[in-house]
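Participant: query-v1.cif is reproduced in full below (mmCIF, C-alpha atoms and all ligand atoms).
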```cif
data_structure
#
loop_
_atom_site.label_atom_id
_atom_site.label_comp_id
_atom_site.auth_asym_id
_atom_site.auth_seq_id
_atom_site.Cartn_x
_atom_site.Cartn_y
_atom_site.Cartn_z
CA MET A 106 -37.16 -17.51 -33.85
CA ALA A 107 -37.11 -19.61 -30.67
CA THR A 108 -36.35 -17.99 -27.31
CA THR A 109 -33.00 -18.92 -25.79
CA LEU A 110 -33.14 -20.92 -22.57
CA ASN A 111 -31.69 -19.29 -19.47
CA LEU A 112 -29.67 -22.29 -18.29
CA THR A 113 -28.94 -20.91 -14.82
CA GLN A 114 -32.62 -20.29 -14.22
CA THR A 115 -33.59 -23.65 -15.79
CA ARG A 116 -31.13 -25.63 -13.71
CA SER A 117 -32.15 -23.88 -10.50
CA HIS A 118 -35.42 -25.86 -10.59
CA PHE A 119 -33.48 -29.11 -10.09
CA PRO A 120 -31.70 -29.37 -6.72
CA ALA A 121 -29.79 -32.45 -7.93
CA LEU A 122 -28.00 -30.46 -10.63
CA SER A 123 -26.34 -28.10 -8.13
CA SER A 124 -23.98 -30.90 -7.06
CA GLY A 125 -22.15 -30.58 -10.38
CA TYR A 126 -22.78 -34.23 -11.23
CA ILE A 127 -23.39 -34.63 -14.96
CA PHE A 128 -26.67 -36.46 -15.52
CA ALA A 129 -26.23 -37.99 -18.97
CA ASP A 130 -28.59 -40.97 -18.77
CA ASN A 131 -31.76 -38.95 -19.08
CA ALA A 132 -33.39 -41.36 -21.53
CA GLY A 133 -33.46 -43.73 -18.55
CA GLY A 134 -35.24 -41.12 -16.41
CA SER A 135 -34.97 -37.36 -16.01
CA GLN A 136 -34.36 -35.26 -12.92
CA ILE A 137 -37.42 -33.82 -11.21
CA PRO A 138 -37.98 -30.09 -10.65
CA ARG A 139 -39.13 -28.58 -7.36
CA GLU A 140 -42.57 -27.85 -8.79
CA VAL A 141 -43.24 -31.59 -8.94
CA VAL A 142 -41.58 -32.65 -5.68
CA ASP A 143 -43.27 -29.84 -3.72
CA ARG A 144 -46.67 -31.00 -4.92
CA ILE A 145 -45.98 -34.61 -3.95
CA SER A 146 -44.97 -33.65 -0.43
CA ASP A 147 -47.79 -31.12 -0.13
CA TYR A 148 -50.29 -33.83 -1.04
CA LEU A 149 -48.86 -36.25 1.51
CA LEU A 150 -48.42 -33.67 4.25
CA ASN A 151 -51.76 -31.92 3.87
CA THR A 152 -54.36 -33.84 1.86
CA ASN A 153 -53.56 -37.52 2.25
CA VAL A 154 -57.08 -38.84 2.84
CA GLN A 155 -59.58 -41.11 1.11
CA ILE A 156 -60.70 -39.45 -2.13
CA ASN A 157 -64.28 -39.17 -3.37
CA VAL A 158 -65.76 -38.67 0.09
CA ASP A 159 -67.81 -35.67 1.16
CA TYR A 160 -65.63 -33.98 3.79
CA SER A 161 -63.66 -30.88 2.86
CA ILE A 162 -60.13 -32.32 2.79
CA SER A 163 -61.36 -35.28 0.75
CA ARG A 164 -62.96 -32.90 -1.72
CA GLN A 165 -59.62 -31.11 -1.97
CA SER A 166 -57.61 -34.30 -2.55
CA THR A 167 -60.20 -35.53 -5.09
CA ALA A 168 -59.79 -32.26 -6.99
CA ARG A 169 -56.01 -32.63 -6.86
CA VAL A 170 -56.16 -36.10 -8.40
CA ALA A 171 -58.49 -34.78 -11.10
CA GLU A 172 -55.94 -32.05 -11.83
CA GLY A 173 -53.34 -34.76 -12.50
CA LEU A 174 -55.52 -36.24 -15.23
CA LYS A 175 -55.93 -32.75 -16.72
CA ALA A 176 -52.15 -32.28 -16.72
CA ALA A 177 -51.67 -35.50 -18.68
CA THR A 178 -54.45 -34.49 -21.06
CA GLU A 179 -52.64 -31.21 -21.68
CA LEU A 180 -49.31 -32.97 -22.30
CA PHE A 181 -50.98 -35.17 -24.94
CA ASN A 182 -53.16 -32.31 -26.24
CA ALA A 183 -56.01 -34.82 -26.03
CA ALA A 184 -59.56 -33.57 -26.58
CA SER A 185 -60.87 -34.91 -23.27
CA THR A 186 -59.69 -36.23 -19.91
CA ASN A 187 -61.88 -39.27 -20.70
CA GLN A 188 -59.31 -40.31 -23.28
CA VAL A 189 -56.45 -40.47 -20.77
CA VAL A 190 -55.58 -43.26 -18.36
CA LEU A 191 -52.88 -43.17 -15.68
CA GLY A 192 -50.86 -46.18 -14.59
CA GLY A 193 -47.64 -47.27 -12.94
CA SER A 194 -45.71 -47.48 -16.20
CA SER A 195 -46.22 -47.30 -19.94
CA THR A 196 -45.50 -51.02 -20.20
CA ALA A 197 -48.30 -51.82 -17.74
CA ASN A 198 -50.65 -49.34 -19.42
CA MET A 199 -50.10 -50.97 -22.80
CA ASP A 200 -50.53 -54.47 -21.39
CA ASN A 201 -53.88 -53.41 -19.90
CA LEU A 202 -54.99 -51.73 -23.09
CA VAL A 203 -54.06 -54.61 -25.36
CA ARG A 204 -55.98 -57.08 -23.17
CA ARG A 205 -59.08 -54.99 -23.75
CA LEU A 206 -58.60 -55.08 -27.50
CA GLU A 207 -58.35 -58.85 -27.63
CA GLY A 208 -61.99 -59.49 -28.60
CA ASP A 209 -61.61 -57.10 -31.50
CA ILE A 210 -58.73 -58.97 -33.20
CA SER A 211 -59.21 -61.86 -35.64
CA GLU A 212 -56.87 -64.58 -36.82
CA GLY A 213 -54.94 -63.33 -39.84
CA ASP A 214 -55.13 -59.67 -38.84
CA GLU A 215 -51.75 -58.03 -39.25
CA PHE A 216 -49.75 -55.94 -36.79
CA ILE A 217 -46.90 -53.87 -38.16
CA LEU A 218 -44.29 -53.26 -35.46
CA MET A 219 -41.23 -51.09 -35.58
CA ASP A 220 -38.02 -53.08 -35.51
CA GLY A 221 -36.03 -51.67 -32.61
CA GLU A 222 -39.08 -50.43 -30.77
CA HIS A 223 -39.06 -50.63 -26.97
CA GLU A 224 -40.94 -53.68 -25.68
CA ALA A 225 -43.71 -51.48 -24.26
CA ASN A 226 -45.12 -50.93 -27.74
CA ASN A 227 -43.78 -54.12 -29.25
CA GLY A 228 -43.91 -57.00 -26.76
CA THR A 229 -47.54 -56.33 -25.90
CA TRP A 230 -48.64 -56.55 -29.54
CA LYS A 231 -46.48 -59.66 -30.03
CA LYS A 232 -48.21 -61.36 -27.08
CA LEU A 233 -51.61 -60.37 -28.44
CA ALA A 234 -50.65 -61.82 -31.83
CA GLU A 235 -49.70 -65.11 -30.14
CA ARG A 236 -53.06 -65.26 -28.36
CA THR A 237 -55.18 -64.33 -31.36
CA GLY A 238 -53.36 -65.71 -34.40
CA ALA A 239 -52.62 -62.24 -35.74
CA LEU A 240 -49.52 -61.96 -37.96
CA LEU A 241 -46.50 -59.74 -37.30
CA LYS A 242 -44.66 -57.66 -39.84
CA TYR A 243 -41.63 -55.49 -39.07
CA TRP A 244 -40.74 -51.99 -40.20
CA HIS A 245 -36.95 -52.24 -40.35
CA PRO A 246 -34.60 -49.28 -40.23
CA THR A 247 -32.40 -48.64 -43.26
CA GLN A 248 -29.04 -47.01 -43.68
CA VAL A 249 -28.91 -43.25 -44.19
CA ILE A 250 -27.58 -42.63 -47.67
CA PRO A 251 -24.97 -41.34 -48.22
CA SER A 252 -23.10 -42.50 -45.14
CA VAL A 253 -19.88 -44.41 -44.63
CA ASN A 254 -21.29 -45.62 -41.34
CA PRO A 255 -23.32 -48.86 -41.69
CA CYS A 256 -24.94 -48.17 -38.29
CA ALA A 257 -26.29 -44.77 -39.42
CA ILE A 258 -29.84 -46.06 -39.65
CA VAL A 259 -33.29 -44.49 -39.57
CA HIS A 260 -36.85 -45.66 -40.10
CA GLN A 261 -38.08 -44.36 -43.45
CA VAL A 262 -41.78 -44.18 -44.21
CA ASP A 263 -41.17 -45.57 -47.73
CA GLN A 264 -40.19 -48.87 -46.10
CA LEU A 265 -43.36 -48.92 -44.02
CA LEU A 266 -46.04 -48.36 -46.65
CA PRO A 267 -45.45 -51.57 -48.68
CA LEU A 268 -46.09 -53.58 -45.48
CA ILE A 269 -49.68 -52.37 -45.33
CA SER A 270 -52.37 -54.72 -46.66
CA ASP A 271 -56.13 -55.12 -46.47
CA ARG A 272 -55.55 -57.12 -43.22
CA THR A 273 -53.49 -54.44 -41.46
CA ARG A 274 -55.09 -53.86 -38.08
CA VAL A 275 -52.39 -52.13 -35.98
CA VAL A 276 -49.35 -50.03 -36.83
CA ALA A 277 -47.12 -49.48 -33.77
CA PHE A 278 -44.00 -47.33 -33.72
CA SER A 279 -41.98 -44.87 -31.64
CA ALA A 280 -42.10 -41.13 -32.16
CA CYS A 281 -38.42 -41.21 -31.25
CA SER A 282 -36.29 -44.28 -30.60
CA ASN A 283 -34.56 -44.31 -27.21
CA ILE A 284 -31.44 -45.56 -29.01
CA LEU A 285 -31.38 -43.98 -32.47
CA GLY A 286 -32.59 -40.54 -31.35
CA SER A 287 -34.29 -39.57 -34.63
CA VAL A 288 -37.61 -37.75 -34.36
CA LEU A 289 -40.09 -39.29 -36.77
CA PRO A 290 -42.60 -37.15 -38.70
CA ILE A 291 -45.62 -38.68 -36.95
CA LYS A 292 -48.32 -36.65 -38.67
CA GLU A 293 -46.95 -37.48 -42.11
CA ILE A 294 -46.54 -41.17 -41.24
CA SER A 295 -50.05 -41.39 -39.82
CA ARG A 296 -51.58 -39.70 -42.89
CA LYS A 297 -49.67 -41.91 -45.32
CA VAL A 298 -50.52 -45.07 -43.36
CA ARG A 299 -54.22 -44.19 -43.39
CA ASP A 300 -54.21 -43.31 -47.11
CA GLU A 301 -52.40 -46.53 -47.99
CA ALA A 302 -54.69 -48.62 -45.78
CA ASN A 303 -57.79 -47.04 -47.36
CA ALA A 304 -56.44 -47.63 -50.85
CA LYS A 305 -55.79 -51.29 -50.01
CA GLY A 306 -59.20 -51.79 -48.41
CA ALA A 307 -58.16 -52.26 -44.77
CA LYS A 308 -61.31 -51.91 -42.67
CA LYS A 309 -59.90 -50.65 -39.37
CA VAL A 310 -56.33 -49.56 -38.69
CA GLN A 311 -55.25 -48.29 -35.28
CA ILE A 312 -52.00 -46.40 -34.85
CA SER A 313 -50.12 -46.83 -31.58
CA VAL A 314 -47.31 -44.37 -30.89
CA ASP A 315 -44.69 -44.67 -28.15
CA ALA A 316 -43.88 -41.06 -27.24
CA VAL A 317 -41.89 -41.96 -24.10
CA ALA A 318 -38.47 -40.98 -25.51
CA TYR A 319 -39.99 -38.14 -27.52
CA ALA A 320 -41.87 -36.31 -24.75
CA PRO A 321 -38.84 -34.77 -22.96
CA HIS A 322 -37.76 -33.08 -26.20
CA ARG A 323 -40.79 -32.23 -28.33
CA LEU A 324 -44.45 -31.34 -27.94
CA ILE A 325 -46.97 -34.18 -28.34
CA ASP A 326 -50.19 -33.52 -30.23
CA VAL A 327 -52.33 -36.63 -30.52
CA GLN A 328 -55.13 -34.75 -32.30
CA ASP A 329 -52.90 -33.28 -34.95
CA TRP A 330 -51.14 -36.63 -35.37
CA ASP A 331 -54.50 -38.42 -35.82
CA ILE A 332 -53.43 -41.49 -33.84
CA ASP A 333 -55.33 -43.97 -31.66
CA PHE A 334 -52.98 -44.72 -28.76
CA CYS A 335 -50.07 -42.80 -27.33
CA MET A 336 -47.87 -43.53 -24.33
CA LEU A 337 -45.90 -41.19 -22.15
CA SER A 338 -43.92 -41.99 -18.97
CA PHE A 339 -43.86 -39.04 -16.57
CA TYR A 340 -40.52 -40.06 -15.10
CA LYS A 341 -38.81 -39.34 -18.41
CA VAL A 342 -40.45 -35.96 -18.74
CA TYR A 343 -39.52 -34.33 -15.42
CA GLY A 344 -42.23 -36.05 -13.38
CA PRO A 345 -42.60 -38.92 -10.89
CA HIS A 346 -42.47 -42.64 -11.66
CA ALA A 347 -45.87 -43.08 -13.30
CA ALA A 348 -47.25 -43.04 -16.82
CA ALA A 349 -50.17 -41.93 -18.97
CA LEU A 350 -51.86 -43.53 -21.94
CA TYR A 351 -53.99 -41.78 -24.53
CA CYS A 352 -56.77 -43.89 -26.06
CA ARG A 353 -58.86 -42.22 -28.70
CA SER A 354 -61.69 -44.72 -28.30
CA VAL A 355 -63.20 -44.09 -24.89
CA SER A 356 -64.92 -47.45 -24.66
CA ARG A 357 -61.61 -49.28 -24.79
CA GLN A 358 -59.90 -47.59 -21.89
CA PRO A 359 -58.35 -49.50 -19.02
CA SER A 360 -58.93 -47.88 -15.61
CA SER A 361 -56.44 -45.56 -13.91
CA SER A 362 -54.40 -46.68 -10.91
CA VAL A 363 -51.54 -44.57 -9.59
CA ALA A 364 -50.59 -43.34 -6.10
CA HIS A 365 -52.55 -40.13 -5.61
CA GLU A 366 -49.56 -38.07 -4.49
CA LEU A 367 -47.78 -38.94 -7.74
CA VAL A 368 -50.83 -38.01 -9.79
CA TYR A 369 -50.91 -34.64 -8.07
CA GLY A 370 -47.13 -34.33 -8.53
CA THR A 371 -47.56 -34.51 -12.30
CA THR A 372 -49.43 -31.21 -12.18
CA GLY A 373 -46.04 -29.54 -11.60
CA ILE A 374 -44.67 -30.61 -14.99
CA VAL A 375 -46.55 -28.13 -17.18
CA PRO A 376 -45.88 -25.13 -14.87
CA TYR A 377 -42.19 -26.05 -14.90
CA LEU A 378 -42.14 -26.26 -18.69
CA LEU A 379 -44.04 -22.99 -19.03
CA SER A 380 -41.53 -21.25 -16.75
CA LEU A 381 -38.76 -21.81 -19.29
CA THR A 382 -39.76 -18.95 -21.58
CA PRO A 383 -41.71 -15.72 -20.98
CA LEU A 384 -44.18 -16.70 -23.72
CA ASN A 385 -46.25 -19.00 -21.51
CA ASN A 386 -47.09 -21.67 -24.05
CA LEU A 387 -45.78 -25.18 -24.44
CA GLN A 388 -44.85 -24.83 -28.10
CA SER A 389 -42.50 -21.94 -27.27
CA THR A 390 -40.97 -23.98 -24.46
CA PHE A 391 -40.27 -26.92 -26.75
CA ASP A 392 -38.93 -24.60 -29.47
CA ALA A 393 -36.44 -23.24 -26.92
CA ILE A 394 -35.60 -26.77 -25.77
CA THR A 395 -35.06 -27.89 -29.37
CA LEU A 396 -32.73 -24.97 -30.06
CA HIS A 397 -30.59 -25.61 -26.98
CA GLU A 398 -30.49 -29.37 -27.46
CA GLU A 399 -29.24 -28.87 -31.00
CA SER A 400 -26.13 -27.17 -29.61
CA LEU A 401 -25.55 -30.12 -27.24
CA LEU A 402 -25.97 -32.54 -30.12
CA GLN A 403 -23.62 -30.63 -32.42
CA THR A 404 -20.89 -30.58 -29.79
CA LEU A 405 -21.17 -34.28 -28.96
CA LEU A 406 -21.62 -35.54 -32.51
CA GLY A 407 -18.85 -33.22 -33.71
CA PHE A 408 -16.48 -35.14 -31.42
CA LEU A 409 -17.83 -38.64 -32.00
CA THR A 410 -17.91 -38.33 -35.81
CA HIS A 411 -14.51 -36.61 -36.09
CA PRO A 412 -12.16 -38.48 -38.48
CA LYS A 413 -9.96 -39.31 -35.53
CA GLN A 414 -12.82 -41.13 -33.82
CA ARG A 415 -13.76 -42.85 -37.09
CA LYS A 416 -10.21 -44.14 -37.30
CA ARG A 417 -10.58 -45.47 -33.78
CA GLY A 418 -13.65 -47.41 -34.94
CA VAL A 419 -16.28 -45.19 -33.29
CA MET A 420 -19.62 -45.51 -35.07
CA ILE A 421 -22.78 -43.64 -34.21
CA VAL A 422 -25.80 -45.94 -34.04
CA GLY A 423 -28.47 -43.78 -35.66
CA ASP A 424 -28.44 -40.74 -37.89
CA GLU A 425 -25.25 -38.66 -37.60
CA THR A 426 -26.98 -35.45 -38.64
CA SER A 427 -26.91 -32.89 -35.84
CA ASP A 428 -30.04 -30.90 -36.58
CA THR A 429 -33.58 -30.74 -35.25
CA THR A 430 -34.57 -34.07 -36.83
CA ARG A 431 -32.75 -35.62 -33.91
CA VAL A 432 -32.64 -35.38 -30.11
CA PRO A 433 -29.39 -35.52 -28.10
CA THR A 434 -29.77 -39.22 -27.32
CA VAL A 435 -26.54 -40.44 -28.86
CA SER A 436 -25.63 -44.12 -29.10
CA PHE A 437 -22.36 -45.44 -30.42
CA VAL A 438 -20.14 -48.48 -30.62
CA VAL A 439 -16.40 -48.84 -31.09
CA GLN A 440 -15.46 -51.40 -33.66
CA GLY A 441 -12.51 -51.99 -35.90
CA ASN A 442 -10.66 -55.14 -36.75
CA GLY A 443 -11.48 -56.55 -33.37
CA THR A 444 -9.40 -53.89 -31.62
CA GLY A 445 -12.25 -51.67 -30.40
CA ILE A 446 -13.33 -51.51 -26.78
CA GLU A 447 -16.71 -53.04 -26.05
CA SER A 448 -19.56 -50.66 -25.36
CA LYS A 449 -19.98 -52.03 -21.86
CA GLU A 450 -16.31 -51.43 -21.16
CA ILE A 451 -16.39 -47.82 -22.42
CA VAL A 452 -19.34 -47.06 -20.18
CA LYS A 453 -17.66 -48.73 -17.21
CA MET A 454 -14.48 -46.71 -17.75
CA VAL A 455 -16.37 -43.41 -18.09
CA ASN A 456 -18.52 -44.06 -15.03
CA ARG A 457 -15.50 -45.17 -12.99
CA ARG A 458 -14.06 -41.66 -13.39
CA GLY A 459 -17.01 -40.40 -11.32
CA GLY A 460 -18.99 -37.21 -11.71
CA VAL A 461 -20.90 -38.39 -14.76
CA GLY A 462 -23.46 -41.10 -15.43
CA ILE A 463 -23.94 -42.73 -18.84
CA ARG A 464 -25.05 -46.25 -19.70
CA TRP A 465 -24.84 -49.00 -22.22
CA TYR A 466 -27.97 -50.35 -23.75
CA ASN A 467 -28.80 -53.81 -24.91
CA TYR A 468 -29.77 -54.02 -28.53
CA SER A 469 -31.76 -57.18 -28.07
CA CYS A 470 -34.91 -55.23 -28.89
CA PHE A 471 -33.64 -54.96 -32.46
CA THR A 472 -34.92 -57.92 -34.39
CA ALA A 473 -33.30 -56.73 -37.62
CA THR A 474 -30.96 -58.88 -39.51
CA GLY A 475 -28.42 -57.42 -41.86
CA ILE A 476 -27.55 -54.39 -39.74
CA PRO A 477 -24.04 -54.82 -38.37
CA LEU A 478 -24.80 -54.14 -34.73
CA PRO A 479 -22.83 -55.85 -31.98
CA VAL A 480 -25.93 -57.23 -30.31
CA GLU A 481 -24.14 -59.05 -27.52
CA ASN A 482 -22.17 -55.98 -26.36
CA GLY A 483 -24.96 -53.44 -26.73
CA VAL A 484 -24.27 -49.79 -27.47
CA ALA A 485 -22.93 -46.98 -25.31
CA ARG A 486 -25.56 -44.27 -24.88
CA ILE A 487 -25.22 -40.65 -23.78
CA SER A 488 -28.66 -39.10 -23.43
CA LEU A 489 -28.91 -35.39 -22.75
CA VAL A 490 -31.86 -33.07 -22.16
CA HIS A 491 -32.34 -29.31 -22.06
CA TYR A 492 -30.88 -28.84 -18.55
CA ASN A 493 -27.53 -30.20 -19.66
CA THR A 494 -24.98 -27.61 -20.72
CA VAL A 495 -22.43 -27.42 -23.53
CA GLU A 496 -19.75 -27.23 -20.79
CA GLU A 497 -20.96 -30.57 -19.45
CA VAL A 498 -20.72 -32.03 -22.94
CA HIS A 499 -17.12 -30.79 -23.17
CA LYS A 500 -16.36 -32.56 -19.86
CA ILE A 501 -17.88 -35.78 -21.20
CA ILE A 502 -15.78 -35.40 -24.34
CA GLU A 503 -12.62 -35.00 -22.25
CA ILE A 504 -13.42 -38.25 -20.43
CA LEU A 505 -14.25 -40.07 -23.65
CA GLU A 506 -11.02 -38.84 -25.22
CA ASP A 507 -9.05 -40.34 -22.32
CA THR A 508 -11.07 -43.55 -22.57
CA PHE A 509 -10.56 -43.94 -26.30
CA ALA A 510 -6.88 -43.02 -25.94
CA SER A 511 -6.41 -46.06 -23.75
CA SER A 512 -7.03 -48.21 -26.83
CA ASP A 513 -4.88 -46.15 -29.17
CA SER A 514 -2.02 -48.60 -28.88
CA ASN A 515 -4.00 -50.53 -31.46
CA GLY A 516 -2.76 -48.38 -34.30
CA LEU A 517 -3.25 -44.61 -34.02
CA SER A 518 -0.15 -42.51 -34.60
CA ASP A 519 0.75 -39.51 -32.36
CA SER A 520 -0.14 -37.07 -35.12
CA ASP A 521 -3.58 -38.66 -35.39
CA SER A 522 -4.31 -38.13 -31.74
CA SER A 523 -3.76 -34.36 -31.62
CA SER A 524 -7.27 -33.22 -32.59
CA THR A 525 -10.74 -34.05 -31.34
C1 LIG B 1 -38.92 -45.53 -25.69
C2 LIG B 1 -39.47 -46.16 -24.45
N1 LIG B 1 -40.70 -46.65 -24.48
C3 LIG B 1 -41.26 -47.22 -23.40
C4 LIG B 1 -40.56 -47.33 -22.24
C5 LIG B 1 -41.21 -48.03 -21.06
O1 LIG B 1 -41.63 -47.10 -20.13
P1 LIG B 1 -42.12 -47.61 -18.69
O2 LIG B 1 -40.89 -47.79 -17.85
O3 LIG B 1 -42.99 -46.48 -18.20
O4 LIG B 1 -42.86 -48.86 -18.89
C6 LIG B 1 -39.26 -46.85 -22.16
C7 LIG B 1 -38.47 -47.01 -20.92
O5 LIG B 1 -37.28 -46.93 -20.91
C8 LIG B 1 -38.70 -46.23 -23.30
O6 LIG B 1 -37.46 -45.75 -23.29
#
```
Represent the structure contained in this file as structure tokens.
Facilitator:
Amino acid sequence: MATTLNLTQTRSHFPALSSGYIFADNAGGSQIPREVVDRISDYLLNTNVQINVDYSISRQSTARVAEGLKAATELFNAASTNQVVLGGSSTANMDNLVRRLEGDISEGDEFILMDGEHEANNGTWKKLAERTGALLKYWHPTQVIPSVNPCAIVHQVDQLLPLISDRTRVVAFSACSNILGSVLPIKEISRKVRDEANAKGAKKVQISVDAVAYAPHRLIDVQDWDIDFCMLSFYKVYGPHAAALYCRSVSRQPSSSVAHELVYGTTGIVPYLLSLTPLNNLQSTFDAITLHEESLLQTLLGFLTHPKQRKRGVMIVGDETSDTTRVPTVSFVVQGNGTGIESKEIVKMVNRRGGVGIRWYNYSCFTATGIPLPVENGVARISLVHYNTVEEVHKIIEILEDTFASSDSNGLSDSDSSST
């Protein structure tokens, strides 16, 4: 049984939360706890010298930078700090990595990419395919059955396996989409991909996992997952604007380059996470996070999937199930005989009220055809993390109710509008 989070204690680590503002665009970047900010300023105020030199303060700052690499190694559960590279962003890290793989790719090799994947783990492989003559295949999401909602889509491993051939070289996907919010069973996918590739005679398959939208909600374990590359952006997981990349093969690593104070700042992330339960291990922390986030998800999805909202044309983009197979990153559109409000407009109206920040997201990263998504208008996205409260979700619901009500002249009766 997971420990319950003490929300007052949890929130006290984040000065920004005391203002009462509701941060609901966390998939764009999380708030940063004192543990991290204090380390950044301590580095700058007290140890901001050239590293790798033989005077005492330099030895101290060198050790601090090394600690940052250890922190990232711990977050990945990588076997060695040699397998971890730090960089300005996950996108830049992947670009650097993929350039180093270029000599190892032949014309006709196949890359399987996840349709809907963020460009960080998609665009880089596409560019490499252009340069090398490798072929692209896409793992498309499919509708959750049974569901009346055509946008209730998830990536199912059964759709991935038939794409594998003896020429498969790379399989790249997200542990959790920053739009759909479903948590994929990485270990199972990785095992099935490798079994299928072996059976079909593929000589070398590397699995590249984008864990950027996953890391704030669940524990990463690159060893257990048996994957080759994994990306994580610290600024989405309660750290500063920098990123880490896990590369199983040491010889293929790009070199690290991040401001030293930020590297040292990342060493505050694990202590913050460990402070959330008395059990002092990361798995317990993420169990407690999962439990709390499920209550946020249930409250928000309960409102957005209510028959009244359905009648208004509200459709969740992603799985509507509010359990632990999902994180509280909730995307939706409003459609219905052309009377719905555009996603952009909903977000504008909510944000105009003040006191809460949500965003709309462009679906251009989805290359799928056949899924009825309003590509040009994007989707509205509310993305919550463990420091959000159920009370905050109720406030968001109140604002959404007002926003949706402004379009009710398009057909809802008074009796329809009494319940949420
Ligand atoms: C799922 C996902 N992957 C990758 C990235 C890119 O991260 P970075 O900004 O560190 O390049 C993002 C950023 O929003 C993301 O949401």
Participant: Hey, which of A:Glu425, A:Glu497, A:Glu399, A:Glu224 ends up closest to ligand LIG 1 (chain B)? Count only C-alpha atoms and all ligand atoms.
Facilitator: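 Using only C-alpha atoms and all ligand atoms, the shortest distance to ligand LIG 1 (chain B) belongs to A:Glu224.
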Participant: Would you mind listing what lies within 8 Å of stretch 312-320 of chain A as a ChimeraX atom specification, with all atoms listed in the file counted and same-chain residues fewer than 4 positions away left out?
Facilitator: /A:132,225-226,275-283,288,295,324-325,332-338,341-342
Participant: Find the residues around stretch 410-418 of chain A up to 6 Å (only C-alpha atoms counted), leave out those fewer than 2 positions away in its own chain, and share them as a PDB file with C-alpha atoms, in the frame of the given file.
Facilitator:
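Done, and the output landed in result08.pdb:
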```pdb
ATOM      1  CA  LEU A 406     -21.620 -35.540 -32.510  1.00  0.00           C
ATOM      2  CA  GLY A 407     -18.850 -33.220 -33.710  1.00  0.00           C
ATOM      3  CA  PHE A 408     -16.480 -35.140 -31.420  1.00  0.00           C
ATOM      4  CA  VAL A 439     -16.400 -48.840 -31.090  1.00  0.00           C
ATOM      5  CA  GLN A 440     -15.460 -51.400 -33.660  1.00  0.00           C
ATOM      6  CA  GLY A 441     -12.510 -51.990 -35.900  1.00  0.00           C
TER       7      GLY A 441
END
```
Participant: So the first atom is atom CA of A:Val461 and the second is atom CA of A:His322; what is the distance between them in Å, to one decimal place?
Facilitator: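 So the two atoms, atom CA of A:Val461 and atom CA of A:His322, lie 21.1 Å apart.
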Participant: I need the residue nearest A:Leu240 from this list: A:Asp220, A:Asp147, A:Asp214, A:Glu293. Use all atoms listed in the file for the distance.
Facilitator: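 Among the listed residues, A:Asp214 lies closest to A:Leu240.
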Participant: Give me stretch 336-347 of chain A with N, CA and C atoms filled in, as an mmCIF file, keeping the file's coordinate frame.
Facilitator:
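So the final result, stored in rebuild_5.cif, reads:
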```
data_model
loop_
_atom_site.group_PDB
_atom_site.id
_atom_site.type_symbol
_atom_site.label_atom_id
_atom_site.label_comp_id
_atom_site.auth_asym_id
_atom_site.auth_seq_id
_atom_site.Cartn_x
_atom_site.Cartn_y
_atom_site.Cartn_z
ATOM 1 N N MET A 336 -48.355 -43.322 -25.701
ATOM 2 C CA MET A 336 -47.870 -43.530 -24.330
ATOM 3 C C MET A 336 -46.805 -42.512 -23.952
ATOM 4 N N LEU A 337 -46.838 -42.178 -22.684
ATOM 5 C CA LEU A 337 -45.900 -41.190 -22.150
ATOM 6 C C LEU A 337 -45.594 -41.595 -20.702
ATOM 7 N N SER A 338 -44.305 -41.644 -20.350
ATOM 8 C CA SER A 338 -43.920 -41.990 -18.970
ATOM 9 C C SER A 338 -43.469 -40.704 -18.281
ATOM 10 N N PHE A 339 -44.163 -40.325 -17.217
ATOM 11 C CA PHE A 339 -43.860 -39.040 -16.570
ATOM 12 C C PHE A 339 -42.413 -38.970 -16.093
ATOM 13 N N TYR A 340 -41.853 -40.128 -15.696
ATOM 14 C CA TYR A 340 -40.520 -40.060 -15.100
ATOM 15 C C TYR A 340 -39.427 -39.747 -16.114
ATOM 16 N N LYS A 341 -39.779 -39.756 -17.393
ATOM 17 C CA LYS A 341 -38.810 -39.340 -18.410
ATOM 18 C C LYS A 341 -39.023 -37.887 -18.795
ATOM 19 N N VAL A 342 -40.114 -37.316 -18.321
ATOM 20 C CA VAL A 342 -40.450 -35.960 -18.740
ATOM 21 C C VAL A 342 -40.641 -35.078 -17.498
ATOM 22 N N TYR A 343 -39.651 -35.215 -16.580
ATOM 23 C CA TYR A 343 -39.520 -34.330 -15.420
ATOM 24 C C TYR A 343 -40.605 -34.543 -14.370
ATOM 25 N N GLY A 344 -41.188 -35.744 -14.357
ATOM 26 C CA GLY A 344 -42.230 -36.050 -13.380
ATOM 27 C C GLY A 344 -41.893 -37.291 -12.578
ATOM 28 N N PRO A 345 -42.841 -37.747 -11.748
ATOM 29 C CA PRO A 345 -42.600 -38.920 -10.890
ATOM 30 C C PRO A 345 -42.754 -40.233 -11.669
ATOM 31 N N HIS A 346 -42.467 -41.345 -10.975
ATOM 32 C CA HIS A 346 -42.470 -42.640 -11.660
ATOM 33 C C HIS A 346 -43.909 -43.122 -11.845
ATOM 34 N N ALA A 347 -44.508 -42.700 -12.923
ATOM 35 C CA ALA A 347 -45.870 -43.080 -13.300
ATOM 36 C C ALA A 347 -46.000 -42.784 -14.784
#
```
